[in-house]
file structure.cif (mmCIF, C-alpha atoms)
data_input
loop_
_atom_site.label_atom_id
_atom_site.label_comp_id
_atom_site.auth_asym_id
_atom_site.auth_seq_id
_atom_site.Cartn_x
_atom_site.Cartn_y
_atom_site.Cartn_z
CA MET A 4 10.11 -3.61 -7.17
CA LYS A 5 9.89 -6.74 -9.28
CA MET A 6 12.49 -6.93 -12.02
CA ASN A 7 12.47 -8.98 -15.19
CA THR A 8 15.11 -11.71 -14.88
CA ASP A 9 15.89 -11.21 -18.58
CA ARG A 10 16.36 -7.45 -18.24
CA PHE A 11 20.00 -7.68 -19.34
CA ASN A 12 18.78 -8.92 -22.72
CA LEU A 13 16.44 -5.95 -23.19
CA THR A 14 17.22 -3.00 -25.41
CA VAL A 15 17.56 0.42 -23.80
CA ASP A 16 14.08 1.46 -24.89
CA GLU A 17 12.53 -1.80 -23.67
CA TYR A 18 14.22 -1.47 -20.28
CA LEU A 19 13.09 2.13 -19.83
CA ALA A 20 9.52 1.21 -20.81
CA GLU A 21 9.38 -1.77 -18.43
CA THR A 22 10.81 0.00 -15.38
CA ASN A 23 9.26 3.46 -15.94
CA VAL A 24 12.62 5.01 -15.05
CA LEU A 25 11.92 8.18 -16.99
CA TYR A 26 8.58 8.65 -15.23
CA TYR A 27 10.19 8.35 -11.80
CA LEU A 28 13.10 10.57 -12.79
CA ASN A 29 10.68 13.25 -13.98
CA ASP A 30 8.72 13.01 -10.73
CA ALA A 31 11.90 13.15 -8.65
CA VAL A 32 13.02 16.32 -10.40
CA THR A 33 9.56 17.86 -10.07
CA GLN A 34 9.47 17.13 -6.35
CA LEU A 35 12.97 18.54 -5.95
CA LEU A 36 12.07 21.80 -7.67
CA GLU A 37 8.85 22.19 -5.69
CA HIS A 38 10.63 21.64 -2.36
CA LYS A 39 14.17 22.72 -3.22
CA ASP A 40 14.67 24.78 -0.06
CA GLU A 41 14.02 21.72 2.05
CA TYR A 42 15.82 19.09 -0.01
CA THR A 43 18.97 21.05 -0.83
CA GLN A 44 19.74 21.30 2.89
CA PHE A 45 20.87 17.67 2.98
CA GLY A 46 22.15 17.42 -0.58
CA VAL A 47 20.74 16.65 -4.01
CA VAL A 48 22.66 13.39 -4.35
CA ARG A 49 21.21 12.10 -1.09
CA TYR A 50 17.74 13.20 -2.16
CA PHE A 51 17.86 11.19 -5.40
CA ALA A 52 19.32 8.19 -3.57
CA GLU A 53 16.50 8.23 -1.03
CA TYR A 54 13.83 8.82 -3.67
CA PHE A 55 14.81 5.81 -5.78
CA THR A 56 15.38 3.66 -2.69
CA SER A 57 11.81 4.39 -1.61
CA VAL A 58 10.59 3.50 -5.13
CA LYS A 59 12.46 0.21 -4.97
CA ASN A 60 11.06 -0.58 -1.52
CA GLY A 61 7.52 0.43 -2.44
CA ASN A 62 7.21 3.16 0.19
CA HIS A 63 7.12 6.03 -2.29
CA VAL A 64 3.32 6.09 -2.71
CA LEU A 65 2.52 6.95 0.90
CA PHE A 66 0.58 10.26 1.14
CA ARG A 67 0.97 10.87 -2.59
CA GLU A 68 -1.82 12.01 -4.92
CA PHE A 69 -4.01 9.45 -6.68
CA SER A 70 -2.72 10.40 -10.13
CA TYR A 71 0.73 9.25 -8.96
CA ILE A 72 -0.57 6.03 -7.40
CA LYS A 73 -2.33 4.89 -10.57
CA ALA A 74 0.46 5.97 -12.91
CA THR A 75 2.41 2.67 -12.96
CA SER A 76 1.71 -0.94 -12.07
CA HIS A 77 4.49 -0.80 -9.47
CA ASN A 78 2.80 2.17 -7.79
CA ARG A 79 -0.53 0.36 -7.68
CA GLU A 80 1.05 -2.80 -6.28
CA SER A 81 2.90 -0.75 -3.66
CA PHE A 82 -0.22 1.11 -2.57
CA ILE A 83 -2.22 -2.12 -2.16
CA HIS A 84 0.62 -3.65 -0.14
CA ILE A 85 0.89 -0.61 2.15
CA PHE A 86 -2.88 -0.59 2.70
CA TRP A 87 -2.67 -4.25 3.73
CA LYS A 88 0.28 -3.64 6.08
CA CYS A 89 -1.39 -0.65 7.74
CA PHE A 90 -4.85 -2.12 8.30
CA ARG A 91 -4.32 -5.89 8.45
CA GLN A 92 -5.29 -5.79 12.12
CA ILE A 93 -8.88 -4.97 11.11
CA GLY A 94 -9.17 -8.34 9.46
CA LYS A 95 -7.37 -10.10 12.30
CA ASN A 96 -9.89 -8.68 14.76
CA GLY A 97 -12.76 -9.86 12.58
CA ASP A 98 -14.19 -6.36 12.18
CA LEU A 99 -16.69 -5.67 9.40
CA LEU A 100 -16.65 -2.19 7.86
CA ALA A 101 -18.91 -0.29 5.51
CA MET A 102 -17.78 1.13 2.16
CA ALA A 103 -17.52 4.65 3.62
CA GLU A 104 -15.21 3.41 6.36
CA TYR A 105 -12.87 1.69 3.90
CA SER A 106 -12.89 4.89 1.85
CA SER A 107 -11.80 6.86 4.93
CA LEU A 108 -8.95 4.43 5.59
CA LEU A 109 -7.72 4.73 2.00
CA GLN A 110 -7.84 8.51 2.23
CA LEU A 111 -5.56 8.39 5.26
CA LEU A 112 -2.89 7.05 2.89
CA CYS A 113 -3.96 9.03 -0.19
CA PRO A 114 -6.00 12.17 0.66
CA ASP A 115 -7.64 12.46 -2.77
CA PHE A 116 -8.38 8.76 -3.26
CA PRO A 117 -11.67 8.66 -5.22
CA THR A 118 -14.71 7.36 -3.37
CA GLU A 119 -16.11 6.07 -6.65
CA MET A 120 -13.36 3.48 -6.93
CA VAL A 121 -14.11 2.24 -3.41
CA GLN A 122 -17.80 2.00 -4.33
CA ASN A 123 -16.92 -0.08 -7.38
CA ALA A 124 -14.80 -2.40 -5.26
CA ALA A 125 -17.72 -2.78 -2.84
CA ARG A 126 -20.01 -3.74 -5.74
CA ILE A 127 -17.72 -6.65 -6.54
CA VAL A 128 -18.14 -7.98 -3.00
CA LEU A 129 -21.79 -7.14 -2.35
CA THR A 130 -23.28 -7.11 -5.85
CA GLU A 131 -24.35 -3.91 -7.54
CA ASP A 132 -27.39 -3.11 -5.38
CA ALA A 133 -26.04 -3.73 -1.88
CA THR A 134 -23.07 -1.39 -1.42
CA ASP A 135 -24.25 -0.15 1.98
CA CYS A 136 -23.66 -3.54 3.67
CA LEU A 137 -20.66 -4.43 5.82
CA MET A 138 -17.62 -6.22 4.38
CA SER A 139 -14.77 -8.24 5.83
CA PHE A 140 -11.24 -6.97 5.31
CA SER A 141 -10.22 -9.98 3.21
CA ASP A 142 -13.23 -9.72 0.88
CA PHE A 143 -12.70 -6.01 0.39
CA ILE A 144 -8.95 -5.94 -0.15
CA TYR A 145 -8.88 -8.61 -2.86
CA SER A 146 -11.79 -6.94 -4.66
CA PHE A 147 -10.14 -3.55 -4.23
CA GLN A 148 -6.96 -4.96 -5.76
CA ILE A 149 -8.87 -6.07 -8.86
CA GLN A 150 -10.70 -2.75 -9.08
CA LEU A 151 -7.52 -0.67 -8.85
CA PHE A 152 -5.98 -2.61 -11.74
CA PHE A 153 -9.24 -2.85 -13.69
CA GLU A 154 -9.86 0.90 -13.45
CA VAL A 155 -6.72 1.74 -15.39
CA GLY A 156 -7.13 -0.95 -18.04
CA LEU A 157 -8.00 -4.61 -17.55
CA TYR A 158 -5.24 -5.86 -19.81
CA SER A 159 -2.55 -3.35 -18.96
CA ASN A 160 0.79 -5.10 -18.41
CA LEU A 161 -0.78 -8.42 -19.62
CA PHE A 162 -3.10 -8.53 -16.61
CA PRO A 163 -4.87 -10.80 -15.98
CA SER A 164 -3.31 -13.81 -17.63
CA THR A 165 -5.27 -15.51 -20.38
CA VAL A 166 -4.97 -18.77 -18.44
CA ALA A 167 -6.86 -17.29 -15.48
CA VAL A 168 -9.54 -15.80 -17.73
CA LYS A 169 -10.01 -19.13 -19.51
CA GLU A 170 -10.33 -21.00 -16.21
CA ILE A 171 -12.98 -18.57 -14.97
CA LEU A 172 -15.03 -18.64 -18.16
CA GLU A 173 -14.89 -22.43 -18.40
CA SER A 174 -16.02 -22.89 -14.79
CA SER A 175 -19.57 -21.69 -15.53
CA GLN A 176 -21.89 -21.56 -18.51
CA ARG A 177 -22.95 -18.03 -17.67
CA VAL A 178 -20.84 -15.36 -15.96
CA SER A 179 -22.08 -11.88 -15.10
CA PHE A 180 -19.81 -8.85 -15.12
CA TYR A 181 -19.51 -8.62 -11.33
CA GLY A 182 -19.34 -12.39 -11.09
CA PHE A 183 -16.35 -12.29 -13.41
CA LEU A 184 -14.65 -9.62 -11.29
CA MET A 185 -15.33 -11.58 -8.10
CA ALA A 186 -13.85 -14.68 -9.72
CA LEU A 187 -10.74 -12.67 -10.58
CA ALA A 188 -10.54 -11.39 -7.01
CA LYS A 189 -10.66 -14.96 -5.64
CA HIS A 190 -8.27 -16.45 -8.20
CA GLU A 191 -4.94 -17.29 -6.54
CA GLY A 192 -3.10 -17.18 -9.85
CA VAL A 193 -4.26 -13.62 -10.53
CA ASN A 194 -3.26 -12.57 -7.02
CA GLN A 195 0.19 -14.08 -7.49
CA ASP A 196 0.60 -12.35 -10.85
CA ILE A 197 -0.09 -8.96 -9.25
CA GLY A 198 2.25 -9.74 -6.36
CA ALA A 199 0.95 -7.15 -3.89
CA LEU A 200 -0.84 -9.45 -1.42
CA PRO A 201 -0.14 -12.87 0.09
CA ASN A 202 -2.48 -15.78 -0.51
CA LYS A 203 -5.76 -15.58 1.37
CA SER A 204 -4.64 -18.19 3.90
CA ASP A 205 -1.69 -15.94 4.84
CA LEU A 206 -3.46 -12.57 4.55
CA LEU A 207 -3.72 -11.94 8.28
CA ILE A 208 -0.25 -13.27 9.11
CA ASP A 209 2.62 -10.82 9.59
CA PRO A 210 5.07 -12.25 12.16
CA GLU A 211 7.33 -9.19 12.17
CA MET A 212 4.49 -6.79 12.98
CA ASP A 213 2.96 -9.20 15.50
CA GLN A 214 6.27 -9.43 17.37
CA GLU A 215 6.56 -5.65 17.44
CA LEU A 216 3.04 -5.28 18.83
CA GLU A 217 3.67 -7.94 21.46
CA ARG A 218 6.85 -6.15 22.51
CA LEU A 219 5.02 -2.84 22.86
CA ILE A 220 2.20 -4.43 24.84
CA ALA A 221 4.75 -6.00 27.17
CA GLN A 222 6.44 -2.63 27.72
CA VAL A 223 3.14 -0.94 28.49
CA ALA A 224 2.19 -3.73 30.91
CA ILE A 225 5.36 -3.21 32.95
CA SER A 226 4.49 -0.18 35.07
CA PRO A 227 5.36 0.55 38.76
CA THR A 228 2.19 0.26 40.87
CA SER A 229 3.43 -1.05 44.22
CA ASN A 230 3.42 2.33 46.03
CA SER A 231 3.18 6.03 45.32
CA SER A 232 6.90 6.68 45.60
CA SER A 233 7.81 3.90 43.19
CA SER A 234 5.00 5.05 40.92
CA ALA A 235 6.35 8.57 40.87
CA ALA A 236 9.84 7.28 40.23
CA GLY A 237 8.54 5.08 37.49
CA GLN A 238 6.72 7.99 35.85
CA LYS A 239 9.85 10.10 36.05
CA GLU A 240 11.91 7.33 34.50
CA THR A 241 9.32 6.81 31.78
CA SER A 242 9.34 10.50 30.92
CA LYS A 243 13.06 10.29 30.26
CA LYS A 244 12.63 7.43 27.82
CA ALA A 245 11.25 7.63 24.33
CA SER A 246 7.65 6.53 24.07
CA PRO A 247 7.37 2.99 22.64
CA ARG A 248 4.57 4.24 20.40
CA LYS A 249 6.75 7.08 19.16
CA SER A 250 9.71 4.81 18.57
CA LEU A 251 7.58 2.47 16.50
CA HIS A 252 6.18 5.36 14.54
CA GLN A 253 9.63 6.75 13.85
CA ARG A 254 10.88 3.39 12.64
CA LYS A 255 7.88 2.83 10.41
CA ARG A 256 8.21 6.39 9.17
CA ILE A 257 11.73 5.66 8.00
CA GLU A 258 10.66 2.36 6.43
CA MET A 259 7.65 3.89 4.70
CA GLU A 260 9.12 7.26 3.66
CA SER A 261 7.32 8.07 0.47
CA ASP A 262 9.54 10.25 -1.66
CA GLY A 263 12.41 11.59 0.37
CA SER A 264 10.26 14.47 1.58
CA THR A 265 9.44 15.01 5.25
CA GLU A 266 6.74 17.54 4.56
CA GLU A 267 3.84 15.14 4.19
CA THR A 268 4.98 12.89 7.03
CA ASP A 269 5.46 15.79 9.42
CA SER A 270 2.01 17.12 8.64
CA SER A 271 0.49 13.72 9.39
CA GLU A 272 1.98 13.80 12.88
CA ASN A 273 0.39 17.14 13.59
#
call {"tool": "encode", "arguments": {"input": "structure.cif", "output": "structure tokens"}}
result
Amino acid sequence: MKMNTDRFNLTVDEYLAETNVLYYLNDAVTQLLEHKDEYTQFGVVRYFAEYFTSVKNGNHVLFREFSYIKATSHNRESFIHIFWKCFRQIGKNGDLLAMAEYSSLLQLLCPDFPTEMVQNAARIVLTEDATDCLMSFSDFIYSFQIQLFFEVGLYSNLFPSTVAVKEILESSQRVSFYGFLMALAKHEGVNQDIGALPNKSDLLIDPEMDQELERLIAQVAISPTSNSSSSAAGQKETSKKASPRKSLHQRKRIEMESDGSTEETDSSEN
């Protein structure tokens, strides 16, 4: 969660307004009351600590409803970042997907994510009359980022900067609506102001995840195949060990725990 470096000079009301502390506190209490039998088993203090830690780390939006995702700029930034982390491999593989496929991916993270917003993001990439065409991951995600912020108010939280708008308008004598949105999507300054995604040149780079995938592939590649007895022994040994896939999932589950609740995460495993 990005913090204002001058926050110590803010009044109490200004600090609360900038950080949305009261909104998150209200949501935390609401979630606690709705799932009190589950949360009270490991303590209320621990629950609040884990809830606000997940908010700080940006993992709190995972599997939450769309009304929660769009409620604050931090929530929107966090959701865009998680979408990138989860599906970056699509872009790395060079796959092109249709609007409906991107909508399905978003609904894996947010079950009630509106299809209309995905359609609007596709219009930025493909122009208004060609939303059934295929899109690259990089084209879609930057346009989706603009759409998610634009949908809730173009100038909410001083976004985008007047400098970026001036540069876009001065670059051409005539700018259409979707042309303007596409220019925003491609503007590095706007992307940096939002802070959810890396620059386009670094979009498909995630060394930490790449190393984890390489480690898993190496583990899978090492399997006993010399003879039947060693194969059986190897299978027996493997059955005693935790699955690499499961271990990765458990670690990512801890890192991406949305709100301290295990209800949504457990249901996703089933």
call {"tool": "closest_residue", "arguments": {"input": "structure.cif", "among": "A:Gly94, A:Gly46, A:Pro201, A:Gly61", "to": "Gln148 of chain A", "atoms": "all atoms listed in the file"}}
result
A:Pro201
call {"tool": "residues_around", "arguments": {"input": "structure.cif", "residues": "Leu65 of chain A", "least_positions_apart": "2", "cutoff": "7 Å", "atoms": "only C-alpha atoms", "output": "ChimeraX atom specification"}}
result
/A:62-63,67,112-113,261
call {"tool": "write_last_selection", "arguments": {"input": "structure.cif", "atoms": "C-alpha atoms", "output": "PDB file, in the coordinates of the input"}}
result
ATOM      1  CA  ASN A  62       7.210   3.160   0.190  1.00  0.00           C
ATOM      2  CA  HIS A  63       7.120   6.030  -2.290  1.00  0.00           C
ATOM      3  CA  ARG A  67       0.970  10.870  -2.590  1.00  0.00           C
ATOM      4  CA  LEU A 112      -2.890   7.050   2.890  1.00  0.00           C
ATOM      5  CA  CYS A 113      -3.960   9.030  -0.190  1.00  0.00           C
ATOM      6  CA  SER A 261       7.320   8.070   0.470  1.00  0.00           C
TER       7      SER A 261
END
call {"tool": "residues_near_point", "arguments": {"input": "structure.cif", "point": "(-18.3, 4.0, 4.3)", "cutoff": "9 Å", "atoms": "only C-alpha atoms", "output": "list in words"}}
result
Leu100, Ala101, Met102, Ala103, Glu104, Tyr105, Ser106, Ser107, Val121, Gln122, Asp135 and Leu137 of chain A
call {"tool": "closest_residue", "arguments": {"input": "structure.cif", "among": "A:Ala221, A:Leu111, A:Leu172, A:Ala167", "to": "Phe66 of chain A", "atoms": "all atoms listed in the file"}}
result
A:Leu111
call {"tool": "resolve_selection", "arguments": {"input": "structure.cif", "expression": "the PyMOL selection byres ((chain A and resi 82) around 12)", "output": "VMD selection string"}}
result
chain A and resid 58 60 to 69 71 to 81 83 to 89 109 to 113 116 144 147 to 148 151 to 152 198 to 200 259 261
call {"tool": "atom_distance", "arguments": {"input": "structure.cif", "atom1": "atom CA of Val168 of chain A", "atom2": "atom CA of Glu154 of chain A"}}
result
17.2 Å
call {"tool": "atom_distance", "arguments": {"input": "structure.cif", "atom1": "atom CA of Ile93 of chain A", "atom2": "atom CA of Leu207 of chain A"}}
result
9.1 Å
call {"tool": "atom_distance", "arguments": {"input": "structure.cif", "atom1": "atom CA of Glu37 of chain A", "atom2": "atom CA of Leu25 of chain A"}}
result
18.3 Å
call {"tool": "resolve_selection", "arguments": {"input": "structure.cif", "expression": "the PyMOL selection byres ((chain A and resi 209) around 12)", "output": "list in words"}}
result
Trp87, Lys88, Cys89, Phe90, Arg91, Gln92, Lys95, Leu200, Pro201, Ser204, Asp205, Leu206, Leu207, Ile208, Pro210, Glu211, Met212, Asp213, Gln214, Glu215 and Leu216 of chain A
call {"tool": "residues_around", "arguments": {"input": "structure.cif", "residues": "segment 26-33 of chain A", "least_positions_apart": "2", "cutoff": "10 Å", "atoms": "only C-alpha atoms", "output": "list in words"}}
result
Leu19, Ala20, Thr22, Asn23, Val24, Leu35, Leu36, Glu37, His38, Lys39, Tyr50, Phe51, Tyr54, Phe55, Val58, Tyr71, Ala74, Thr75, Asp262 and Gly263 of chain A
call {"tool": "decode", "arguments": {"input": "structure.cif", "residues": "segment 109-121 of chain A", "atoms": "all heavy atoms", "output": "short mmCIF file (atom, residue, chain, number, x, y, z; two decimals), in the first residue's frame"}}
result
data_model
loop_
_atom_site.label_atom_id
_atom_site.label_comp_id
_atom_site.auth_asym_id
_atom_site.auth_seq_id
_atom_site.Cartn_x
_atom_site.Cartn_y
_atom_site.Cartn_z
N LEU A 109 -10.79 -13.18 -15.20
CA LEU A 109 -11.07 -12.19 -14.15
C LEU A 109 -12.07 -12.73 -13.14
O LEU A 109 -11.97 -12.48 -11.94
CB LEU A 109 -11.61 -10.90 -14.78
CG LEU A 109 -10.55 -10.06 -15.51
CD1 LEU A 109 -11.22 -9.04 -16.43
CD2 LEU A 109 -9.64 -9.35 -14.51
N GLN A 110 -13.02 -13.52 -13.62
CA GLN A 110 -14.04 -14.08 -12.73
C GLN A 110 -13.50 -15.23 -11.88
O GLN A 110 -14.14 -15.62 -10.91
CB GLN A 110 -15.25 -14.51 -13.53
CG GLN A 110 -16.04 -13.33 -14.06
CD GLN A 110 -17.15 -13.70 -15.01
OE1 GLN A 110 -17.35 -14.87 -15.34
NE2 GLN A 110 -17.90 -12.70 -15.47
N LEU A 111 -12.33 -15.76 -12.23
CA LEU A 111 -11.67 -16.70 -11.33
C LEU A 111 -11.18 -16.01 -10.07
O LEU A 111 -11.11 -16.62 -9.00
CB LEU A 111 -10.49 -17.37 -12.05
CG LEU A 111 -10.80 -18.35 -13.18
CD1 LEU A 111 -9.51 -18.82 -13.84
CD2 LEU A 111 -11.60 -19.54 -12.66
N LEU A 112 -10.85 -14.73 -10.20
CA LEU A 112 -10.35 -13.95 -9.06
C LEU A 112 -11.47 -13.19 -8.37
O LEU A 112 -11.39 -12.91 -7.17
CB LEU A 112 -9.28 -12.96 -9.54
CG LEU A 112 -8.10 -13.56 -10.31
CD1 LEU A 112 -7.14 -12.45 -10.73
CD2 LEU A 112 -7.39 -14.61 -9.49
N CYS A 113 -12.49 -12.82 -9.13
CA CYS A 113 -13.64 -12.09 -8.60
C CYS A 113 -14.89 -12.65 -9.28
O CYS A 113 -15.19 -12.29 -10.42
CB CYS A 113 -13.49 -10.59 -8.90
SG CYS A 113 -14.96 -9.60 -8.51
N PRO A 114 -15.62 -13.55 -8.63
CA PRO A 114 -16.72 -14.29 -9.27
C PRO A 114 -17.79 -13.41 -9.91
O PRO A 114 -18.41 -13.82 -10.90
CB PRO A 114 -17.30 -15.12 -8.12
CG PRO A 114 -16.14 -15.31 -7.19
CD PRO A 114 -15.37 -14.04 -7.25
N ASP A 115 -18.03 -12.23 -9.37
CA ASP A 115 -19.09 -11.37 -9.95
C ASP A 115 -18.51 -10.21 -10.76
O ASP A 115 -19.19 -9.19 -10.94
CB ASP A 115 -20.02 -10.86 -8.85
CG ASP A 115 -19.33 -9.87 -7.90
OD1 ASP A 115 -18.08 -9.91 -7.79
OD2 ASP A 115 -20.04 -9.07 -7.26
N PHE A 116 -17.28 -10.37 -11.25
CA PHE A 116 -16.69 -9.29 -12.04
C PHE A 116 -17.54 -9.05 -13.28
O PHE A 116 -17.81 -9.99 -14.04
CB PHE A 116 -15.25 -9.61 -12.44
CG PHE A 116 -14.48 -8.40 -12.86
CD1 PHE A 116 -13.73 -7.69 -11.95
CD2 PHE A 116 -14.54 -7.93 -14.18
CE1 PHE A 116 -13.03 -6.55 -12.32
CE2 PHE A 116 -13.85 -6.80 -14.56
CZ PHE A 116 -13.09 -6.10 -13.62
N PRO A 117 -17.97 -7.82 -13.53
CA PRO A 117 -18.91 -7.54 -14.63
C PRO A 117 -18.29 -7.71 -16.01
O PRO A 117 -17.21 -7.16 -16.30
CB PRO A 117 -19.32 -6.09 -14.39
CG PRO A 117 -18.20 -5.50 -13.58
CD PRO A 117 -17.66 -6.61 -12.74
N THR A 118 -18.98 -8.45 -16.85
CA THR A 118 -18.53 -8.66 -18.23
C THR A 118 -18.50 -7.35 -19.00
O THR A 118 -17.64 -7.15 -19.87
CB THR A 118 -19.46 -9.66 -18.93
OG1 THR A 118 -19.45 -10.90 -18.21
CG2 THR A 118 -19.00 -9.92 -20.36
N GLU A 119 -19.39 -6.44 -18.67
CA GLU A 119 -19.47 -5.17 -19.38
C GLU A 119 -18.16 -4.39 -19.27
O GLU A 119 -17.73 -3.75 -20.24
CB GLU A 119 -20.62 -4.33 -18.84
CG GLU A 119 -20.79 -2.99 -19.54
CD GLU A 119 -21.93 -2.17 -18.98
OE1 GLU A 119 -22.59 -2.64 -18.01
OE2 GLU A 119 -22.17 -1.07 -19.48
N MET A 120 -17.52 -4.44 -18.12
CA MET A 120 -16.27 -3.72 -17.96
C MET A 120 -15.18 -4.33 -18.83
O MET A 120 -14.34 -3.62 -19.39
CB MET A 120 -15.84 -3.71 -16.49
CG MET A 120 -14.50 -3.02 -16.26
SD MET A 120 -14.13 -2.73 -14.52
CE MET A 120 -15.27 -1.39 -14.18
N VAL A 121 -15.19 -5.66 -18.96
CA VAL A 121 -14.21 -6.33 -19.82
C VAL A 121 -14.47 -5.96 -21.28
O VAL A 121 -13.54 -5.74 -22.06
CB VAL A 121 -14.27 -7.85 -19.63
CG1 VAL A 121 -13.13 -8.52 -20.38
CG2 VAL A 121 -14.20 -8.21 -18.15
#
